Each structure stands twice: as structure tokens, then as C-alpha cells.
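**Student:** Structure file input.txt (compact mmCIF, C-alpha atoms and all ligand atoms) right here:
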```txt
# COMPACT_ATOMS: atom_id res chain seq x y z
CA MET A 208 -1.00 -17.81 -36.43
CA ASN A 209 1.96 -16.11 -34.69
CA TYR A 210 0.51 -16.44 -31.18
CA ASP A 211 -2.21 -18.21 -29.25
CA ALA A 212 -3.23 -14.84 -27.83
CA VAL A 213 -2.57 -11.18 -28.48
CA VAL A 214 -3.18 -8.81 -25.58
CA ILE A 215 -3.75 -5.15 -26.43
CA GLY A 216 -2.74 -3.07 -23.40
CA GLY A 217 -0.06 -4.13 -20.92
CA SER A 218 -1.07 -2.72 -17.56
CA TYR A 219 -3.02 -4.18 -14.60
CA ALA A 220 -5.58 -6.02 -16.71
CA GLY A 221 -3.47 -6.97 -19.74
CA LEU A 222 -0.42 -8.20 -17.83
CA SER A 223 -2.63 -10.19 -15.45
CA ALA A 224 -4.33 -11.88 -18.42
CA ALA A 225 -1.01 -12.58 -20.13
CA MET A 226 0.43 -14.11 -16.95
CA GLN A 227 -2.30 -16.76 -16.83
CA ILE A 228 -1.94 -17.52 -20.54
CA ALA A 229 1.83 -17.87 -20.17
CA ARG A 230 1.46 -20.06 -17.11
CA GLY A 231 -0.87 -22.19 -19.24
CA ARG A 232 2.15 -22.64 -21.55
CA ARG A 233 0.57 -20.83 -24.47
CA SER A 234 2.22 -18.17 -26.58
CA VAL A 235 1.12 -14.61 -25.91
CA CYS A 236 2.14 -11.23 -27.27
CA VAL A 237 1.41 -8.07 -25.27
CA LEU A 238 1.25 -4.74 -27.10
CA ASP A 239 1.50 -1.67 -24.91
CA THR A 240 2.00 2.08 -25.25
CA GLY A 241 2.99 2.61 -21.60
CA GLU A 242 0.31 5.07 -20.47
CA PRO A 243 -1.68 3.50 -17.60
CA ARG A 244 -4.61 5.59 -16.41
CA ASN A 245 -3.12 6.25 -12.97
CA ARG A 246 0.22 7.53 -14.32
CA PHE A 247 -0.68 10.99 -12.92
CA ALA A 248 -0.50 9.69 -9.31
CA ASP A 249 2.76 9.20 -7.39
CA ALA A 250 1.32 6.34 -5.36
CA SER A 251 -1.32 3.66 -5.88
CA HIS A 252 -3.34 2.60 -2.86
CA GLY A 253 -5.33 -0.44 -1.82
CA PHE A 254 -3.74 -3.08 -4.08
CA PHE A 255 -3.09 -6.33 -2.22
CA GLY A 256 0.47 -6.31 -0.86
CA GLN A 257 1.43 -3.10 -2.68
CA ASP A 258 -0.39 -0.32 -0.86
CA GLY A 259 1.38 2.98 -1.58
CA ALA A 260 3.61 1.65 -4.35
CA ALA A 261 4.36 3.84 -7.36
CA PRO A 262 2.15 2.82 -10.32
CA GLU A 263 5.11 2.68 -12.68
CA ALA A 264 7.08 0.43 -10.28
CA MET A 265 4.12 -1.97 -9.95
CA ILE A 266 3.82 -2.31 -13.71
CA VAL A 267 7.58 -2.65 -14.29
CA ASN A 268 7.66 -5.40 -11.66
CA ALA A 269 4.73 -7.23 -13.28
CA ARG A 270 6.32 -6.87 -16.71
CA ASP A 271 9.66 -8.24 -15.46
CA GLN A 272 7.96 -11.24 -13.88
CA LEU A 273 6.01 -11.94 -17.07
CA ALA A 274 9.14 -11.63 -19.22
CA ALA A 275 10.62 -14.64 -17.39
CA TYR A 276 8.15 -16.95 -19.20
CA PRO A 277 9.51 -18.31 -22.49
CA THR A 278 6.22 -18.08 -24.41
CA VAL A 279 5.80 -14.32 -23.82
CA ARG A 280 6.70 -11.47 -26.11
CA MET A 281 6.13 -7.84 -25.21
CA ILE A 282 6.15 -5.11 -27.82
CA ALA A 283 6.08 -1.41 -26.88
CA HIS A 284 3.89 -0.37 -29.80
CA MET A 285 0.34 0.77 -30.39
CA ALA A 286 -2.18 -1.61 -31.91
CA CYS A 287 -4.14 0.49 -34.38
CA ASP A 288 -6.59 -2.11 -35.70
CA ALA A 289 -7.68 -5.72 -35.36
CA THR A 290 -9.66 -7.78 -37.83
CA ARG A 291 -10.99 -11.30 -37.84
CA VAL A 292 -9.09 -13.61 -40.22
CA ASP A 293 -9.24 -17.33 -40.84
CA GLY A 294 -8.35 -19.07 -37.56
CA GLY A 295 -8.09 -15.93 -35.44
CA PHE A 296 -7.26 -12.24 -35.66
CA GLU A 297 -4.77 -9.95 -37.35
CA VAL A 298 -3.57 -6.97 -35.33
CA THR A 299 -1.93 -4.11 -37.16
CA LEU A 300 0.69 -1.98 -35.44
CA ALA A 301 0.94 1.79 -35.73
CA SER A 302 4.64 1.31 -36.44
CA GLY A 303 3.76 -0.77 -39.52
CA GLY A 304 3.51 -4.53 -39.78
CA ALA A 305 1.01 -6.92 -38.29
CA LEU A 306 0.83 -10.02 -36.14
CA THR A 307 -1.77 -12.70 -35.69
CA GLY A 308 -3.31 -14.50 -32.74
CA ARG A 309 -5.97 -17.17 -32.25
CA LYS A 310 -7.64 -15.11 -29.54
CA LEU A 311 -7.59 -11.49 -28.39
CA VAL A 312 -7.67 -9.77 -25.02
CA LEU A 313 -8.63 -6.10 -25.14
CA ALA A 314 -7.17 -4.27 -22.12
CA PHE A 315 -6.33 -0.88 -23.53
CA GLY A 316 -7.95 1.16 -20.74
CA ILE A 317 -9.86 4.40 -20.71
CA SER A 318 -8.99 8.11 -20.57
CA ASP A 319 -10.59 10.68 -18.31
CA VAL A 320 -12.15 13.73 -19.92
CA LEU A 321 -11.53 16.43 -17.33
CA PRO A 322 -13.57 19.64 -17.01
CA ALA A 323 -11.85 22.67 -18.54
CA ILE A 324 -11.30 24.66 -15.34
CA SER A 325 -8.02 26.55 -14.93
CA GLY A 326 -5.57 24.64 -12.71
CA LEU A 327 -7.58 21.40 -12.59
CA SER A 328 -5.84 19.03 -15.02
CA GLU A 329 -2.37 19.90 -13.65
CA ARG A 330 -3.46 18.59 -10.22
CA TRP A 331 -5.13 15.40 -11.48
CA GLY A 332 -3.89 12.42 -9.45
CA ASP A 333 -2.48 14.57 -6.66
CA SER A 334 -5.00 17.00 -5.12
CA VAL A 335 -7.73 16.51 -7.76
CA LEU A 336 -8.94 12.94 -7.51
CA HIS A 337 -11.62 10.53 -8.62
CA CYS A 338 -11.80 7.87 -5.92
CA PRO A 339 -11.85 8.20 -2.12
CA TYR A 340 -10.83 4.56 -1.64
CA CYS A 341 -7.69 5.21 -3.73
CA HIS A 342 -6.68 8.58 -2.27
CA GLY A 343 -9.18 9.73 0.36
CA TYR A 344 -7.24 8.37 3.34
CA GLU A 345 -4.28 10.63 2.52
CA TYR A 346 -6.65 13.63 2.90
CA ARG A 347 -8.52 12.37 5.98
CA ASP A 348 -10.00 15.11 8.15
CA GLY A 349 -9.07 17.65 5.47
CA ARG A 350 -11.25 20.21 3.71
CA LEU A 351 -12.74 18.19 0.87
CA GLY A 352 -14.74 19.20 -2.16
CA VAL A 353 -16.75 17.36 -4.79
CA LEU A 354 -17.19 18.99 -8.17
CA TRP A 355 -20.63 18.40 -9.68
CA THR A 356 -20.26 16.60 -13.01
CA ALA A 357 -23.45 14.51 -13.01
CA PRO A 358 -26.34 13.57 -10.68
CA LEU A 359 -24.14 10.86 -9.14
CA SER A 360 -21.93 13.67 -7.78
CA ALA A 361 -24.46 14.14 -4.94
CA HIS A 362 -24.00 10.50 -3.99
CA GLN A 363 -20.20 10.91 -4.26
CA ALA A 364 -20.30 13.93 -1.92
CA ALA A 365 -22.42 12.03 0.61
CA LEU A 366 -19.87 9.20 0.55
CA ILE A 367 -16.76 11.37 0.75
CA ALA A 368 -18.07 13.05 3.89
CA ASP A 369 -16.76 9.92 5.64
CA TRP A 370 -13.20 11.16 4.98
CA GLY A 371 -13.63 14.81 6.01
CA ALA A 372 -15.81 17.92 5.98
CA THR A 373 -17.22 18.01 2.45
CA THR A 374 -18.60 20.74 0.22
CA LEU A 375 -20.45 19.94 -2.99
CA TYR A 376 -19.47 22.54 -5.61
CA LEU A 377 -22.41 22.78 -7.97
CA ASN A 378 -20.38 24.90 -10.42
CA GLY A 379 -23.52 26.56 -11.77
CA ASN A 380 -25.67 23.40 -11.89
CA PRO A 381 -29.14 23.26 -10.25
CA HIS A 382 -29.47 22.51 -6.53
CA PRO A 383 -30.12 18.83 -5.75
CA GLU A 384 -33.71 18.20 -4.69
CA GLY A 385 -35.71 15.42 -3.07
CA ASP A 386 -33.85 12.30 -1.88
CA ALA A 387 -30.47 13.64 -3.01
CA ARG A 388 -30.92 16.80 -0.93
CA THR A 389 -32.09 14.79 2.09
CA LEU A 390 -29.02 12.54 1.82
CA LEU A 391 -26.63 15.49 1.56
CA ASP A 392 -28.22 17.15 4.59
CA ARG A 393 -28.09 13.92 6.58
CA ARG A 394 -24.38 13.56 5.78
CA GLY A 395 -23.64 17.19 6.70
CA VAL A 396 -22.46 18.15 3.20
CA SER A 397 -22.30 21.91 2.50
CA ILE A 398 -23.43 23.13 -0.89
CA GLU A 399 -21.75 25.91 -2.87
CA ALA A 400 -23.67 27.19 -5.90
CA ALA A 401 -21.09 29.53 -7.45
CA SER A 402 -19.00 28.48 -10.46
CA ILE A 403 -15.31 27.70 -10.00
CA GLN A 404 -12.99 29.92 -11.99
CA GLU A 405 -9.61 28.61 -10.91
CA LEU A 406 -7.86 26.10 -8.66
CA ARG A 407 -5.05 27.66 -6.62
CA GLY A 408 -2.07 26.31 -4.66
CA LYS A 409 1.67 25.76 -4.95
CA ASP A 410 2.69 23.26 -7.64
CA ARG A 411 0.19 20.34 -7.57
CA THR A 412 -1.17 21.08 -4.09
CA LEU A 413 -4.53 22.75 -3.67
CA THR A 414 -5.25 25.47 -1.14
CA SER A 415 -8.26 27.32 -2.53
CA LEU A 416 -10.87 27.58 -5.26
CA LEU A 417 -11.48 30.99 -6.82
CA LEU A 418 -15.24 31.37 -7.31
CA ASP A 419 -16.84 33.54 -9.99
CA ASP A 420 -18.13 36.05 -7.42
CA GLY A 421 -14.54 36.71 -6.26
CA ARG A 422 -14.62 34.63 -3.07
CA GLU A 423 -11.89 32.09 -2.36
CA ALA A 424 -12.90 28.80 -0.73
CA ALA A 425 -10.21 26.99 1.28
CA ILE A 426 -9.78 23.34 0.26
CA ASP A 427 -7.24 20.49 0.40
CA ALA A 428 -8.59 18.04 -2.18
CA LEU A 429 -11.25 18.13 -4.89
CA PHE A 430 -12.96 14.91 -6.03
CA LEU A 431 -14.89 14.47 -9.25
CA ALA A 432 -16.27 11.69 -11.42
CA PRO A 433 -15.15 12.59 -14.94
CA ARG A 434 -16.58 11.21 -18.16
CA SER A 435 -14.33 8.65 -19.80
CA LYS A 436 -13.62 7.39 -23.30
CA LEU A 437 -12.14 4.14 -24.56
CA ASN A 438 -8.46 4.49 -25.49
CA SER A 439 -8.92 2.65 -28.80
CA PRO A 440 -11.71 2.10 -31.35
CA ILE A 441 -10.63 -1.54 -31.80
CA ALA A 442 -13.54 -3.00 -29.79
CA GLU A 443 -16.12 -1.22 -31.95
CA ARG A 444 -14.26 -2.10 -35.13
CA LEU A 445 -14.36 -5.77 -34.18
CA GLY A 446 -18.12 -5.46 -33.63
CA CYS A 447 -18.05 -5.87 -29.83
CA ALA A 448 -21.26 -4.67 -28.17
CA LEU A 449 -20.82 -1.62 -25.96
CA ASP A 450 -22.98 -0.43 -23.08
CA ASP A 451 -23.47 3.06 -21.66
CA GLY A 452 -21.70 2.92 -18.31
CA PRO A 453 -22.06 5.52 -15.55
CA PHE A 454 -18.90 7.30 -16.73
CA GLY A 455 -18.80 6.46 -20.45
CA PRO A 456 -18.87 3.55 -22.90
CA MET A 457 -18.00 0.05 -21.64
CA VAL A 458 -17.28 -3.11 -23.60
CA ARG A 459 -19.96 -5.68 -22.73
CA THR A 460 -18.57 -8.93 -21.30
CA ASP A 461 -19.96 -12.05 -19.66
CA ALA A 462 -18.73 -13.64 -16.43
CA ALA A 463 -15.76 -15.14 -18.32
CA GLN A 464 -14.80 -11.66 -19.67
CA LEU A 465 -15.80 -12.79 -23.17
CA THR A 466 -17.22 -9.99 -25.31
CA SER A 467 -20.14 -10.37 -27.71
CA GLU A 468 -17.57 -11.33 -30.37
CA PRO A 469 -16.35 -14.96 -30.20
CA GLY A 470 -12.65 -15.19 -29.34
CA VAL A 471 -12.43 -11.59 -28.09
CA TYR A 472 -12.03 -11.05 -24.34
CA ALA A 473 -12.00 -7.66 -22.60
CA ALA A 474 -10.77 -6.75 -19.12
CA GLY A 475 -10.03 -3.78 -16.90
CA ASP A 476 -11.51 -0.31 -16.98
CA ILE A 477 -12.85 -0.74 -20.53
CA ALA A 478 -15.19 -3.51 -19.39
CA ARG A 479 -16.45 -2.50 -15.96
CA ALA A 480 -17.55 0.27 -13.62
CA PRO A 481 -16.55 1.23 -11.04
CA HIS A 482 -12.80 1.01 -11.56
CA ASN A 483 -9.65 0.25 -9.63
CA ALA A 484 -6.40 -1.57 -10.27
CA SER A 485 -7.37 -4.62 -8.20
CA TRP A 486 -10.58 -5.17 -10.15
CA ALA A 487 -8.72 -4.62 -13.43
CA SER A 488 -6.14 -7.22 -12.45
CA ALA A 489 -8.80 -9.67 -11.24
CA ASP A 490 -10.76 -9.33 -14.48
CA GLY A 491 -7.51 -9.83 -16.39
CA VAL A 492 -6.92 -13.09 -14.50
CA THR A 493 -10.45 -14.22 -15.42
CA ALA A 494 -9.93 -13.29 -19.08
CA GLY A 495 -6.57 -15.09 -19.23
CA ILE A 496 -7.86 -18.30 -17.66
CA SER A 497 -11.06 -18.26 -19.76
CA LEU A 498 -9.04 -17.72 -22.91
CA HIS A 499 -6.66 -20.54 -22.05
CA GLN A 500 -9.52 -22.91 -21.36
CA SER A 501 -11.19 -21.98 -24.64
CA LEU A 502 -7.97 -23.00 -26.42
CA VAL A 503 -8.16 -26.35 -24.66
CA PHE A 504 -11.87 -27.12 -24.86
CA GLU A 505 -13.25 -25.46 -28.00
CA PRO A 506 -13.57 -28.14 -30.68
CA SER A 507 -12.14 -25.78 -33.33
CA MET A 508 -8.99 -25.38 -31.21
CA ALA A 509 -8.26 -29.10 -30.84
CA GLY A 510 -4.57 -29.80 -31.34
CA ALA A 511 -3.71 -26.09 -31.43
CA ALA A 512 -1.21 -26.10 -28.53
CA ALA A 513 1.89 -24.00 -29.22
C1 LIG A 601 -5.47 9.64 -11.10
C2 LIG A 601 -5.83 8.21 -10.83
C3 LIG A 601 -5.37 7.57 -9.71
C4 LIG A 601 -5.73 6.25 -9.45
N1 LIG A 601 -5.29 5.66 -8.31
C5 LIG A 601 -5.62 4.38 -8.05
C6 LIG A 601 -5.20 3.78 -6.82
O1 LIG A 601 -4.56 4.40 -5.97
N2 LIG A 601 -5.56 2.49 -6.61
C7 LIG A 601 -6.28 1.76 -7.53
O2 LIG A 601 -6.55 0.58 -7.28
N3 LIG A 601 -6.69 2.32 -8.70
C8 LIG A 601 -6.38 3.61 -8.98
N4 LIG A 601 -6.80 4.20 -10.14
C9 LIG A 601 -7.56 3.39 -11.11
C10 LIG A 601 -6.58 2.57 -11.99
O3 LIG A 601 -5.65 3.46 -12.57
C11 LIG A 601 -7.31 1.83 -13.09
O4 LIG A 601 -8.42 1.13 -12.56
C12 LIG A 601 -6.35 0.85 -13.77
O5 LIG A 601 -5.24 1.54 -14.29
C13 LIG A 601 -7.06 0.10 -14.89
O6 LIG A 601 -6.17 -0.82 -15.44
P1 LIG A 601 -6.29 -1.26 -16.96
O7 LIG A 601 -5.24 -2.29 -17.16
O8 LIG A 601 -7.70 -1.58 -17.29
O9 LIG A 601 -5.98 0.05 -17.82
P2 LIG A 601 -4.72 1.02 -17.79
O10 LIG A 601 -3.96 0.87 -16.52
O11 LIG A 601 -5.20 2.36 -18.15
O12 LIG A 601 -3.78 0.44 -18.93
C14 LIG A 601 -4.11 0.44 -20.29
C15 LIG A 601 -2.80 0.23 -21.06
O13 LIG A 601 -3.10 0.05 -22.45
C16 LIG A 601 -2.21 0.84 -23.22
N5 LIG A 601 -2.85 1.11 -24.52
C17 LIG A 601 -3.89 1.94 -24.80
N6 LIG A 601 -4.22 1.88 -26.10
C18 LIG A 601 -3.37 0.98 -26.66
C19 LIG A 601 -3.22 0.48 -27.99
N7 LIG A 601 -4.03 0.85 -28.99
N8 LIG A 601 -2.22 -0.41 -28.24
C20 LIG A 601 -1.40 -0.83 -27.23
N9 LIG A 601 -1.51 -0.38 -25.95
C21 LIG A 601 -2.50 0.50 -25.67
C22 LIG A 601 -1.97 2.08 -22.36
O14 LIG A 601 -0.80 2.78 -22.72
C23 LIG A 601 -1.89 1.45 -20.96
O15 LIG A 601 -0.56 1.04 -20.66
C24 LIG A 601 -6.50 5.53 -10.40
C25 LIG A 601 -6.96 6.17 -11.54
C26 LIG A 601 -6.65 7.51 -11.77
C27 LIG A 601 -7.18 8.20 -12.98
```
Would you put the structure from the file into C-alpha cells?
Ligand SMILES: Cc1cc2nc3c(=O)[nH]c(=O)nc-3n(C[C@H](O)[C@H](O)[C@H](O)COP(=O)(O)OP(=O)(O)OC[C@H]3O[C@@H](n4cnc5c(N)ncnc54)[C@H](O)[C@@H]3O)c2cc1C
**Tutor:**
Amino acid sequence: MNYDAVVIGGSYAGLSAAMQIARGRRSVCVLDTGEPRNRFADASHGFFGQDGAAPEAMIVNARDQLAAYPTVRMIAHMACDATRVDGGFEVTLASGGALTGRKLVLAFGISDVLPAISGLSERWGDSVLHCPYCHGYEYRDGRLGVLWTAPLSAHQAALIADWGATTLYLNGNPHPEGDARTLLDRRGVSIEAASIQELRGKDRTLTSLLLDDGREAAIDALFLAPRSKLNSPIAERLGCALDDGPFGPMVRTDAAQLTSEPGVYAAGDIARAPHNASWASADGVTAGISLHQSLVFEPSMAGAAA
């Protein structure tokens, strides 16, 4: 085996896992294509000690700190497949070639599937947002909107009303009824039934929504909960069990971040909901420590120290 562990994805979850493995004096290789999910935002909020830092700067800093450990190798390439082999796993690289590891950490993240509304994707991470805890404070007391994508959008609108006057844009979907309607009324959320044709505003800012009946609704920020997809099919190919999460497929893990496949750990957005960078990092720490301890305590790993 080339490495004790191969980590696929080198962002909040993957680098956190690799740090623990390296500090446990084991060899670890991190493969990463450099596209963290929050790359569309200029600032990341709420992360311990780094509130407001640029996502890229946080990751570069973490990568630099990890690179100081002698048992770490980082490769800026895509892992395109992973298969179980005698004693561990073989990971093939899109650039050609392969490397092997006794254990795997899957931390390749998810991608958001945004609704096809003119002007929406260009504003993603700036004035079109997914999480009020990440970006709501910057729009406090503003004119806020929630775009209906699923029944949980009613709950999202009721929550976001804590940050400012909120309108739920049904975008042609049926009016919420029953408990959902009662909650929206109690929280003072307005409801707009018309479909949205276009988002308008200078550059990535948002000033209005053009509705299909010709009206323009003034707005500062639009929140939505998009569907998501896993960035790689590697978990399925390895046979890891997946669950249907509230936003899309999730890799099933136990409290140690171990998947249903022995020796394969998963951390970050691929293995949880809801999502944020702190949780991804924390799950990465758990995966890294669990993996290290499995190298120490599993009978089959006896005497396998690098
Ligand atoms: C617009 C936006 C803004 C956000 N703002 C915040 C915020 O302010 N605060 C906060 O806490 N959270 C924020 N989040 C959430 C945060 O981005 C995620 O929770 C976090 O990035 C998840 O970390 P991760 O390591 O699981 O995955 P990611 O950060 O997505 O990293 C996955 C990494 O794996 C790499 N990769 C993918 N496939 C492969 C492969 N096959 N081989 C090798 N590498 C691969 C990718 O290039 C990427 O570098 C935001 C999310 C979005 C969408």
C-alpha cells in the first residue's frame, strides 16, 4: 500500500480528516480538484475564529498547515474511481495512474442544482443564498424572499422572517395549507403566488424580481433550498449505502463516520444534512480520528504503522 489513508476531497471535511491522520503519524494522501461548494461566496460566516474570512483563504491556510507534516502528500487531481483490493483500496486518477491506501475517507462534497430562472445562478452565493445562518445577518432588516422549491420552503420562510420582512415566492406552486399556513401567518410571512421570470439588479446584487404578470417585486436577497447531488459516483461504486436526505442523496455513516463499507469513512456535506463548514470540519475530525484508531486497534492492521 502507498498510504495508510487516501482522502478524496481536500476542503473543510477532507483536510480536517487528513490533519488528524497526519498528527497520528500515519501517511495520508489528499486528492482534490479545488472546487469547494462555497466558492461562489466572497466570505464565509460562522466558522470558529474565522468569521467573514474568504473561503479560498481558509482552505489555503488549512492546506499550508497540513503540508508541514512529513507524512502528508496532496495531489491536485480528480479521483475517478476506487475499488477494494487486497489490504485496502486502489484509487484511480483522472490524469492516469493509481495509488493505494489501507483506508479511505470520502469528502468530495455536493453540488447544488439551481432552478433555471434567468439571473439566479449568477447571484448564487451573493444575493441568492441557501442558509440564513451563513449569510442572513448581512441582509438583516432587508427585504427578503424565499423561493419555493419543496414543502420545507414554508418552514425556511418562517425561520428567515427572524432576519427581515419575508415573502414566500410560490413560483406557481400551490398555496401552503394547514399547519404550514398557520406558521407562515404567525411569523408574518407574505405569500406571492406569481411565477418569477427574472432576477434583476446590478452585477450580483438583487433589487427586484420580475413576475410573470409584469409586476416587479423589490427585494434584497432571495433564499432557497436547492436539490443537491454527490460530486462523485465513488461512494456508490464502492457499495456504500445511501439515504434520501432532505436535499438529495447522502452517504450513510455511523457515529464514527464509517460508511456501510468496512474501511471507508465519509465526512462533510456528502454524509449529513443540514450543512455548514463547521459541521463538515467536525465530521472530518471524527473520520480522521476513527480511521487512525482503526489502524491501531483492528486486528488485521496489527503492525501496519507507516
Ligand atoms: C453559496 C454557499 C455559501 C456558503 N456559505 C457558508 C458560510 O458562510 N459558512 C458555512 O459554515 N458554510 C457555508 N456554506 C456551506 C459550506 O460550503 C459546506 O458545508 C462545506 O463546503 C462542505 O465542506 P466539504 O468539505 O464537505 O465539501 P466541499 O467544501 O464542497 O469540498 C469538496 C472538495 O472535494 C473536491 N472534489 C470533488 N470531487 C472530487 C474528486 N472526484 N476527486 C478529488 N476531489 C474532488 C472538490 O473540488 C472540493 O474541493 C455555503 C455553501 C454555499 C453553497
**Student:** As an exercise, work out the distance from atom CA of A:Ala264 to atom CA of A:Gly217 in Å and give it to one decimal place.
**Tutor:**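 These atoms are spaced 13.6 Å apart.
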**Student:** Between atom CA of A:Ser439 and atom CA of A:Ser501, what is the distance in Å, rounded to a tenth?
**Tutor:**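 Atom-to-atom, atom CA of A:Ser439 to atom CA of A:Ser501, that is 25.1 Å.
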**Student:** Could you jot down the atom CA of A:Ala473 to atom CA of A:Ala220 separation for me, Å, one decimal place?
**Tutor:**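 Taking atom CA of A:Ala473 as the start and atom CA of A:Ala220 as the end point, the length is 8.9 Å.
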**Student:** Show which residues sit within 10 Å of A:Ala480, as a list of chain:residue names. Count all atoms listed in the file, and ignore same-chain residues fewer than 5 positions away.
**Tutor:**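 So the residues in contact are A:Gly452, A:Pro453, A:Phe454, A:Gly455, A:Pro456, A:Met457, A:Gly475, A:Trp486.
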**Student:** May I ask which of the residues A:Thr290, A:Ser435, A:Thr240, A:Ser360 is the closest one to ligand LIG 601 (chain A), counting only C-alpha atoms and all ligand atoms?
**Tutor:** A:Thr240
